[in-house]
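Structure below is data.cif: mmCIF, C-alpha atoms.
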```cif
data_model
loop_
_atom_site.label_atom_id
_atom_site.label_comp_id
_atom_site.auth_asym_id
_atom_site.auth_seq_id
_atom_site.Cartn_x
_atom_site.Cartn_y
_atom_site.Cartn_z
CA MET A 1 -2.41 15.55 -18.46
CA TYR A 2 -4.67 14.96 -15.51
CA LYS A 3 -4.66 16.93 -12.33
CA VAL A 4 -6.00 14.79 -9.50
CA LYS A 5 -6.99 16.43 -6.23
CA VAL A 6 -7.09 13.99 -3.34
CA TYR A 7 -8.71 14.78 0.02
CA VAL A 8 -7.83 12.51 2.95
CA THR A 9 -9.75 12.75 6.22
CA LEU A 10 -10.01 10.67 9.36
CA ARG A 11 -12.98 8.31 9.23
CA GLU A 12 -16.10 9.49 11.03
CA SER A 13 -15.75 6.71 13.59
CA VAL A 14 -12.22 7.80 14.50
CA LEU A 15 -11.74 10.59 17.02
CA ASP A 16 -9.75 13.54 15.72
CA PRO A 17 -7.98 15.09 18.75
CA GLN A 18 -6.30 17.69 16.55
CA GLY A 19 -9.64 18.80 15.12
CA LYS A 20 -11.07 18.93 18.63
CA ALA A 21 -8.26 21.20 19.81
CA VAL A 22 -8.83 23.53 16.87
CA MET A 23 -12.57 23.58 17.55
CA HIS A 24 -11.98 24.60 21.17
CA SER A 25 -9.67 27.32 19.97
CA LEU A 26 -12.31 28.58 17.52
CA HIS A 27 -14.80 28.68 20.39
CA LYS A 28 -12.35 30.78 22.39
CA MET A 29 -12.13 33.09 19.40
CA GLY A 30 -15.88 33.58 19.74
CA GLN A 31 -16.97 31.30 16.88
CA SER A 32 -19.52 29.49 18.99
CA GLU A 33 -21.46 28.17 15.98
CA VAL A 34 -18.67 25.73 15.12
CA GLU A 35 -19.89 22.26 15.99
CA ASP A 36 -17.12 20.10 14.66
CA VAL A 37 -13.69 20.37 13.04
CA ARG A 38 -12.01 17.55 11.14
CA ILE A 39 -8.44 17.98 9.95
CA GLY A 40 -7.29 16.20 6.83
CA LYS A 41 -4.73 16.27 4.06
CA TYR A 42 -4.90 17.62 0.55
CA LEU A 43 -2.73 16.21 -2.22
CA GLU A 44 -2.40 17.27 -5.85
CA LEU A 45 -1.12 14.74 -8.35
CA THR A 46 -0.26 15.45 -11.95
CA LEU A 47 -0.48 12.40 -14.20
CA GLN A 48 0.49 11.73 -17.76
CA LYS A 49 -2.28 10.44 -19.95
CA GLY A 50 -1.84 6.88 -21.12
CA ASP A 51 -3.40 3.57 -21.76
CA TYR A 52 -4.70 2.99 -18.23
CA ASP A 53 -7.87 3.13 -16.19
CA LEU A 54 -7.62 6.40 -14.33
CA ASP A 55 -10.04 5.57 -11.52
CA GLU A 56 -8.43 2.22 -10.93
CA LYS A 57 -5.03 3.86 -10.72
CA ILE A 58 -6.17 6.56 -8.31
CA VAL A 59 -7.94 4.04 -6.08
CA ALA A 60 -4.79 1.89 -5.96
CA MET A 61 -2.66 4.88 -4.98
CA CYS A 62 -5.15 6.15 -2.43
CA SER A 63 -5.82 2.86 -0.72
CA LYS A 64 -2.25 1.60 -0.64
CA LEU A 65 -0.26 4.71 0.17
CA LEU A 66 -1.98 8.09 0.17
CA SER A 67 -4.50 7.10 2.84
CA ASN A 68 -4.67 4.37 5.46
CA PRO A 69 -8.10 2.72 5.09
CA VAL A 70 -8.04 1.58 8.73
CA ILE A 71 -8.46 5.13 9.98
CA GLU A 72 -8.90 7.36 6.94
CA ASP A 73 -11.35 8.03 4.11
CA TYR A 74 -10.50 9.72 0.83
CA ARG A 75 -12.25 11.31 -2.10
CA TYR A 76 -10.85 12.80 -5.26
CA GLU A 77 -11.57 15.09 -8.18
CA VAL A 78 -10.06 14.87 -11.65
CA GLU A 79 -9.34 17.80 -13.94
CA GLU A 80 -7.99 17.54 -17.43
CA VAL A 81 -5.23 20.03 -18.07
CA VAL A 82 -3.18 20.91 -21.09
CA ALA A 83 0.52 20.20 -20.67
CA GLN A 84 2.58 23.38 -20.50
CA MET B 1 21.73 -16.40 16.01
CA LYS B 2 22.28 -13.38 13.79
CA PHE B 3 20.10 -10.28 13.90
CA ALA B 4 19.58 -7.54 11.33
CA VAL B 5 18.82 -3.99 12.47
CA ILE B 6 17.12 -2.32 9.51
CA VAL B 7 18.17 1.29 9.07
CA PHE B 8 15.87 3.71 7.21
CA PRO B 9 16.68 7.34 6.50
CA GLY B 10 15.41 8.90 9.72
CA SER B 11 15.77 5.88 11.99
CA ASN B 12 17.24 7.04 15.30
CA CYS B 13 16.98 4.06 17.64
CA ASP B 14 19.07 1.79 15.44
CA THR B 15 22.17 2.32 17.57
CA ASP B 16 20.26 1.54 20.78
CA MET B 17 18.93 -1.64 19.19
CA TYR B 18 22.39 -2.65 17.97
CA HIS B 19 23.89 -1.99 21.40
CA ALA B 20 21.18 -3.99 23.19
CA VAL B 21 21.71 -7.02 20.98
CA LYS B 22 25.49 -6.83 20.67
CA ASP B 23 26.60 -5.77 24.14
CA GLU B 24 23.79 -6.70 26.50
CA LEU B 25 22.38 -9.81 24.80
CA GLY B 26 25.72 -10.89 23.30
CA SER B 27 24.41 -11.95 19.90
CA ASP B 28 25.62 -11.31 16.37
CA VAL B 29 24.04 -8.26 14.77
CA GLU B 30 24.50 -6.13 11.69
CA TYR B 31 23.02 -2.89 10.41
CA VAL B 32 21.14 -3.34 7.12
CA TRP B 33 20.41 -0.31 4.96
CA HIS B 34 16.84 0.19 3.66
CA ASP B 35 17.75 -0.50 0.03
CA ALA B 36 19.17 -3.97 0.78
CA SER B 37 17.56 -6.76 -1.17
CA ASP B 38 18.65 -9.87 0.69
CA LEU B 39 18.02 -10.81 4.31
CA SER B 40 18.59 -14.53 3.88
CA GLY B 41 21.70 -14.48 6.07
CA PHE B 42 19.77 -13.29 9.11
CA ASP B 43 17.77 -15.24 11.68
CA GLY B 44 15.92 -12.33 13.27
CA ILE B 45 14.82 -8.93 11.95
CA LEU B 46 14.65 -5.80 14.11
CA LEU B 47 12.87 -2.65 12.91
CA PRO B 48 14.02 0.21 15.15
CA GLY B 49 12.29 3.40 16.21
CA GLY B 50 12.74 6.85 14.77
CA PHE B 51 11.15 8.90 12.05
CA SER B 52 11.68 6.93 8.86
CA TYR B 53 11.43 9.22 5.83
CA GLY B 54 10.65 12.10 8.16
CA ASP B 55 7.26 10.58 9.05
CA TYR B 56 6.04 12.17 5.79
CA LEU B 57 2.41 11.39 4.90
CA ARG B 58 1.93 9.09 7.92
CA SER B 59 4.38 7.41 10.29
CA GLY B 60 5.75 4.35 8.52
CA ALA B 61 3.81 4.96 5.31
CA ILE B 62 6.75 5.62 3.01
CA ALA B 63 8.94 2.92 4.53
CA GLN B 64 6.52 0.17 3.48
CA PHE B 65 7.67 0.58 -0.14
CA SER B 66 11.40 0.61 0.52
CA ASN B 67 13.38 -2.23 -1.02
CA VAL B 68 14.13 -4.04 2.18
CA MET B 69 10.50 -4.30 3.25
CA SER B 70 9.62 -6.94 0.68
CA GLU B 71 12.48 -8.95 2.19
CA VAL B 72 11.12 -8.33 5.68
CA VAL B 73 7.72 -9.60 4.55
CA LYS B 74 9.44 -12.65 3.05
CA ALA B 75 11.32 -13.30 6.30
CA ALA B 76 8.07 -12.97 8.23
CA LYS B 77 6.34 -15.47 5.95
CA GLU B 78 9.25 -17.87 6.48
CA GLY B 79 8.54 -17.71 10.20
CA LYS B 80 11.62 -15.74 11.23
CA PRO B 81 11.12 -13.52 14.29
CA VAL B 82 10.42 -9.90 13.30
CA LEU B 83 10.31 -7.22 16.01
CA GLY B 84 9.15 -3.67 15.29
CA VAL B 85 9.59 -1.08 18.01
CA CYS B 86 7.89 2.33 17.93
CA ASN B 87 8.33 3.54 14.34
CA GLY B 88 9.15 -0.09 13.54
CA PHE B 89 5.69 -1.03 14.85
CA GLN B 90 4.13 1.72 12.74
CA ILE B 91 5.92 0.32 9.67
CA LEU B 92 4.61 -3.19 10.42
CA LEU B 93 1.07 -1.77 10.59
CA GLU B 94 1.45 0.16 7.34
CA THR B 95 2.93 -2.90 5.64
CA GLY B 96 -0.01 -4.99 6.78
CA LEU B 97 2.06 -7.53 8.72
CA LEU B 98 0.04 -6.48 11.77
CA PRO B 99 -3.56 -5.22 11.89
CA GLY B 100 -4.68 -1.73 12.92
CA ALA B 101 -3.24 1.77 12.69
CA MET B 102 -1.74 4.52 14.85
CA ARG B 103 -3.38 7.84 15.65
CA ARG B 104 -1.92 10.93 17.28
CA ASN B 105 -1.70 10.62 21.05
CA GLU B 106 -4.96 11.65 22.68
CA SER B 107 -3.17 14.50 24.48
CA LEU B 108 -1.55 15.61 21.19
CA LYS B 109 1.73 15.61 23.12
CA PHE B 110 4.89 13.71 22.40
CA ILE B 111 5.22 11.35 25.37
CA CYS B 112 8.69 10.38 26.56
CA GLN B 113 8.72 8.55 29.90
CA PRO B 114 9.02 5.13 31.54
CA GLU B 115 5.77 3.16 31.43
CA GLU B 116 4.62 0.12 33.33
CA LEU B 117 3.59 -2.66 30.99
CA VAL B 118 1.61 -5.76 31.80
CA VAL B 119 2.73 -8.96 30.11
CA VAL B 120 -0.58 -10.30 28.83
CA ASN B 121 0.76 -13.20 26.81
CA ASP B 122 3.87 -15.06 27.99
CA GLN B 123 3.45 -17.85 25.45
CA THR B 124 5.14 -16.09 22.52
CA LEU B 125 8.68 -16.48 21.29
CA PHE B 126 9.28 -12.89 22.41
CA THR B 127 7.94 -13.23 25.95
CA SER B 128 8.71 -16.77 27.17
CA GLN B 129 11.11 -15.39 29.80
CA TYR B 130 8.38 -13.29 31.40
CA GLU B 131 5.47 -14.42 33.56
CA LYS B 132 1.89 -13.74 32.55
CA GLY B 133 0.69 -10.72 34.52
CA GLU B 134 4.24 -9.55 35.27
CA VAL B 135 4.57 -5.77 35.33
CA ILE B 136 7.69 -4.43 33.67
CA SER B 137 9.10 -0.93 33.24
CA VAL B 138 9.95 0.08 29.68
CA PRO B 139 10.22 3.63 28.30
CA VAL B 140 7.97 5.05 25.58
CA ALA B 141 8.82 7.94 23.25
CA HIS B 142 6.18 8.71 20.66
CA GLY B 143 3.72 11.24 19.32
CA GLU B 144 1.62 8.71 17.43
CA GLY B 145 1.20 5.65 19.61
CA ASN B 146 -2.55 5.73 20.02
CA TYR B 147 -3.37 2.28 18.66
CA TYR B 148 -6.64 1.87 16.80
CA CYS B 149 -8.47 -1.05 15.25
CA ASP B 150 -12.13 -1.77 14.57
CA GLU B 151 -14.31 -3.96 16.81
CA GLU B 152 -13.97 -7.00 14.60
CA THR B 153 -10.17 -6.82 14.59
CA LEU B 154 -10.11 -6.28 18.35
CA LYS B 155 -12.26 -9.35 18.86
CA ALA B 156 -9.88 -11.40 16.71
CA LEU B 157 -6.85 -10.03 18.59
CA LYS B 158 -8.40 -11.14 21.88
CA GLU B 159 -9.55 -14.53 20.65
CA ASN B 160 -6.12 -15.38 19.27
CA ASN B 161 -4.22 -14.01 22.29
CA GLN B 162 -2.50 -11.49 20.04
CA ILE B 163 -2.38 -8.74 22.64
CA VAL B 164 1.05 -9.22 24.19
CA PHE B 165 1.62 -6.05 26.24
CA THR B 166 -0.82 -3.52 27.70
CA TYR B 167 -0.14 -0.28 29.55
CA ALA B 168 -0.82 -0.40 33.30
CA LYS B 169 -1.83 3.26 32.96
CA ASN B 170 -2.78 4.20 29.40
CA PRO B 171 -0.62 7.18 28.34
CA ASN B 172 -1.86 7.75 24.77
CA GLY B 173 -5.48 6.63 24.37
CA SER B 174 -4.77 3.25 22.77
CA VAL B 175 -7.73 0.93 22.30
CA GLU B 176 -7.87 -1.51 25.25
CA ASP B 177 -4.58 -0.06 26.62
CA ILE B 178 -2.72 -1.94 23.89
CA ALA B 179 1.06 -1.44 23.90
CA GLY B 180 2.10 -4.40 21.75
CA ILE B 181 0.52 -7.02 19.51
CA ILE B 182 1.69 -10.10 17.67
CA ASN B 183 0.54 -11.63 14.39
CA LYS B 184 -1.61 -14.73 14.33
CA GLU B 185 1.35 -16.93 13.42
CA GLY B 186 3.24 -15.65 16.45
CA ASN B 187 6.49 -14.48 14.83
CA VAL B 188 5.88 -10.76 14.20
CA LEU B 189 5.69 -8.49 17.26
CA GLY B 190 5.04 -4.75 17.18
CA MET B 191 5.24 -2.58 20.28
CA MET B 192 5.41 1.15 20.98
CA PRO B 193 7.58 0.94 24.16
CA HIS B 194 11.33 0.54 23.68
CA PRO B 195 12.69 -2.70 25.19
CA GLU B 196 16.11 -1.89 23.71
CA ARG B 197 16.30 1.14 26.01
CA ALA B 198 15.67 -1.01 29.07
CA VAL B 199 18.54 -3.47 29.00
CA ASP B 200 20.78 -2.26 31.83
CA GLU B 201 20.23 -0.96 35.38
CA LEU B 202 22.22 2.10 34.32
CA LEU B 203 19.33 2.98 31.99
CA GLY B 204 16.82 2.75 34.83
CA SER B 205 15.50 -0.68 33.94
CA LYS B 206 16.67 -3.92 32.43
CA ASP B 207 13.19 -5.35 32.03
CA GLY B 208 13.45 -5.23 28.24
CA LEU B 209 16.39 -7.61 28.08
CA LYS B 210 14.25 -10.69 28.68
CA LEU B 211 12.41 -9.99 25.44
CA PHE B 212 15.62 -10.39 23.46
CA GLN B 213 16.66 -13.38 25.56
CA SER B 214 13.31 -15.00 24.78
CA ILE B 215 13.94 -14.65 21.04
CA VAL B 216 17.37 -16.29 21.31
CA LYS B 217 16.06 -19.08 23.54
CA SER B 218 13.31 -19.92 21.09
CA TRP B 219 15.74 -19.90 18.19
CA ARG B 220 18.16 -22.20 20.02
CA GLU B 221 15.41 -24.62 20.90
CA ARG B 222 14.38 -24.72 17.29
CA TYR B 223 17.69 -24.82 15.47
CA VAL B 224 20.43 -25.94 17.84
CA ALA B 225 20.35 -29.66 18.43
CA ALA B 226 19.79 -30.61 22.03
CA THR B 227 22.89 -32.03 23.66
#
```
As a first step, turn the structure in this file into structure tokens.
Amino acid sequence: MYKVKVYVTLRESVLDPQGKAVMHSLHKMGQSEVEDVRIGKYLELTLQKGDYDLDEKIVAMCSKLLSNPVIEDYRYEVEEVVAQ
Amino acid sequence: MKFAVIVFPGSNCDTDMYHAVKDELGSDVEYVWHDASDLSGFDGILLPGGFSYGDYLRSGAIAQFSNVMSEVVKAAKEGKPVLGVCNGFQILLETGLLPGAMRRNESLKFICQPEELVVVNDQTLFTSQYEKGEVISVPVAHGEGNYYCDEETLKALKENNQIVFTYAKNPNGSVEDIAGIINKEGNVLGMMPHPERAVDELLGSKDGLKLFQSIVKSWRERYVAAT
């Protein structure tokens, strides 16, 4: 089995009003060193091994559904796990 | 002319849409469930507002893979009028029938109020009954209506006159005050404001009715022989 960890974030060029609001709140908390906050999503997929190209599959899933390439970037990590 | 109102789990403006078409416009209309696999009996497709699939992942993201959407794409390619309002617009963006994407409103607030819209393009099958530059009052109700596209796409939208409605006073941070855009071919319109909620003076405005009347007029001109 594969465990795939997918991180989706807003693209750098896209303003993140939610992140901004959290940053202001952190400043109010006294964390004045915080320069930027970006909020994203984290997804964990568990995949069966098979006769397929793993990267190709992940890219297809990420670009067609898990992220919206118009406003979001993604990156992922793959871990091999033993089925329970 | 027969309309389909597509109903997804979580749609909540389907009844408004149905009412606008049936009672105010006086056209044939049917609800079509999201797992339907044939839209050939319909002349116009309406994607209503709401929170399809709970807005999980992103607004409209899950809906793009529902059964009926491949039929909606087919209808769009055949040149049938397709209107997406609010969540319907978000679904059209996610499906790729229209360019761009929606972000959270700049204020992070859900905005629910009447908005003044400027009719930028009156040469579409959805807006022929309006005048270019006309200001109409149509309500908005959304948390993610902050339209975004890159510079290149924006340039193309302008060059092809694809910007159909803009906000007189931008409520959500949309690029270029965009409230509604149409595809290049001119038969798929997406807009965040709700014309179906502005079809009777009782509702505060009937400025949205002309949009539906435009669709019917265009269809009649195309398919009903002149007498």
Could you tell me which residues the PyMOL selection byres ((chain A) within 9 of (chain B)) returns for this structure, as a ChimeraX atom specification? /A:14-18,21,41,64-68,70-71
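Remark: for His24 (chain A), the closest of the candidate residues A:Tyr76, A:Leu45, A:Asp36, A:Tyr2 is A:Asp36 (distances computed over all atoms listed in the file).
For the pair CA of Glu185 (chain B) and CA of Glu116 (chain B), the separation is 26.4 Å.
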Expand the PyMOL selection byres ((chain A and resi 23) around 12) into the individual residues it matches in the shown file, reporting them as a PDB file with C-alpha atoms, keeping the file's coordinate frame.
```pdb
ATOM      1  CA  ASP A  16      -9.750  13.540  15.720  1.00  0.00           C
ATOM      2  CA  PRO A  17      -7.980  15.090  18.750  1.00  0.00           C
ATOM      3  CA  GLN A  18      -6.300  17.690  16.550  1.00  0.00           C
ATOM      4  CA  GLY A  19      -9.640  18.800  15.120  1.00  0.00           C
ATOM      5  CA  LYS A  20     -11.070  18.930  18.630  1.00  0.00           C
ATOM      6  CA  ALA A  21      -8.260  21.200  19.810  1.00  0.00           C
ATOM      7  CA  VAL A  22      -8.830  23.530  16.870  1.00  0.00           C
ATOM      8  CA  HIS A  24     -11.980  24.600  21.170  1.00  0.00           C
ATOM      9  CA  SER A  25      -9.670  27.320  19.970  1.00  0.00           C
ATOM     10  CA  LEU A  26     -12.310  28.580  17.520  1.00  0.00           C
ATOM     11  CA  HIS A  27     -14.800  28.680  20.390  1.00  0.00           C
ATOM     12  CA  LYS A  28     -12.350  30.780  22.390  1.00  0.00           C
ATOM     13  CA  MET A  29     -12.130  33.090  19.400  1.00  0.00           C
ATOM     14  CA  GLY A  30     -15.880  33.580  19.740  1.00  0.00           C
ATOM     15  CA  GLN A  31     -16.970  31.300  16.880  1.00  0.00           C
ATOM     16  CA  SER A  32     -19.520  29.490  18.990  1.00  0.00           C
ATOM     17  CA  GLU A  33     -21.460  28.170  15.980  1.00  0.00           C
ATOM     18  CA  VAL A  34     -18.670  25.730  15.120  1.00  0.00           C
ATOM     19  CA  GLU A  35     -19.890  22.260  15.990  1.00  0.00           C
ATOM     20  CA  ASP A  36     -17.120  20.100  14.660  1.00  0.00           C
ATOM     21  CA  VAL A  37     -13.690  20.370  13.040  1.00  0.00           C
ATOM     22  CA  ARG A  38     -12.010  17.550  11.140  1.00  0.00           C
ATOM     23  CA  ILE A  39      -8.440  17.980   9.950  1.00  0.00           C
TER      24      ILE A  39
END
```
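Distances here use all atoms listed in the file; by that measure, the residue among A:Gly40, A:Gly50, A:Val8, A:Met1 closest to Cys62 (chain A) is A:Val8.
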Which residues match the PyMOL selection byres ((chain A and resi 48) around 12) in the file above, as a list of chain:residue names? A:Met1, A:Tyr2, A:Lys3, A:Val4, A:Leu45, A:Thr46, A:Leu47, A:Lys49, A:Gly50, A:Asp51, A:Tyr52, A:Leu54, A:Lys57, A:Glu80, A:Val81, A:Val82, A:Ala83
Neighbour residues at most 8 Å from (-13.8, 12.3, 6.9) (all atoms listed in the file) as a PyMOL selection string: chain A and resi 8-12+38+40+72-74
Ser27 (chain B) proximity check over B:Cys13, B:Ile91, B:Val216, B:Val224, using only C-alpha atoms: winner is B:Val216
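Taking CA of Ile136 (chain B) and CA of Leu211 (chain B) as the two end points, the separation is 11.0 Å.
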Option closest in space to Gly26 (chain B), from B:Asp207, B:Lys158, B:Phe3, B:Phe165 [counting only C-alpha atoms]: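 Under the stated criterion, the closest residue is B:Phe3.
The residue that comes closest to Gly96 (chain B), out of B:Ile178, B:Val5, B:Val164, B:Val73 and on the basis of all atoms listed in the file, is B:Val73.
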Within 12 Å of Glu78 (chain B), counting all atoms listed in the file, which residues qualify if same-chain residues fewer than 4 places away don't, as a list in words?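 Near neighbours after the sequence-gap exclusion: Leu39, Ser40, Phe42, Asp43, Gly44, Ile45, Glu71, Val72, Val73, Lys74, Val82, Glu185, Gly186, Asn187 and Val188 of chain B.
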Pairwise distance for CA of Asp16 (chain B) and CA of Ser70 (chain B), rounded to one decimal in Å: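 Rounded to one decimal, the two atoms are 24.3 Å apart.
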Extract, using all atoms listed in the file, all DNA, RNA and protein residues at most 6 Å from Ala4 (chain B), discarding same-chain residues fewer than 5 positions from it, and format them as a PyMOL selection string. chain B and resi 29-31+45-46
For Ser218 (chain B), the closest of B:Met17, B:Leu125, B:Ala168, B:Leu203 counting only C-alpha atoms is B:Leu125
Would you kindly return, as a PyMOL selection string, each protein, DNA or RNA residue with an atom no farther than 8 Å from any atom of Cys112 (chain B), considering only C-alpha atoms and excluding same-chain residues fewer than 4 positions away? chain B and resi 139-142
Got a sec: who's within 10 Å of Asn161 (chain B), counting all atoms listed in the file, leaving out chain neighbours fewer than 3 positions off, as a count of residues only? 15
Got a sec: who's within 8 Å of Lys5 (chain A), counting only C-alpha atoms, leaving out chain neighbours fewer than 6 positions off, as a ChimeraX atom specification? /A:42-45,76-78
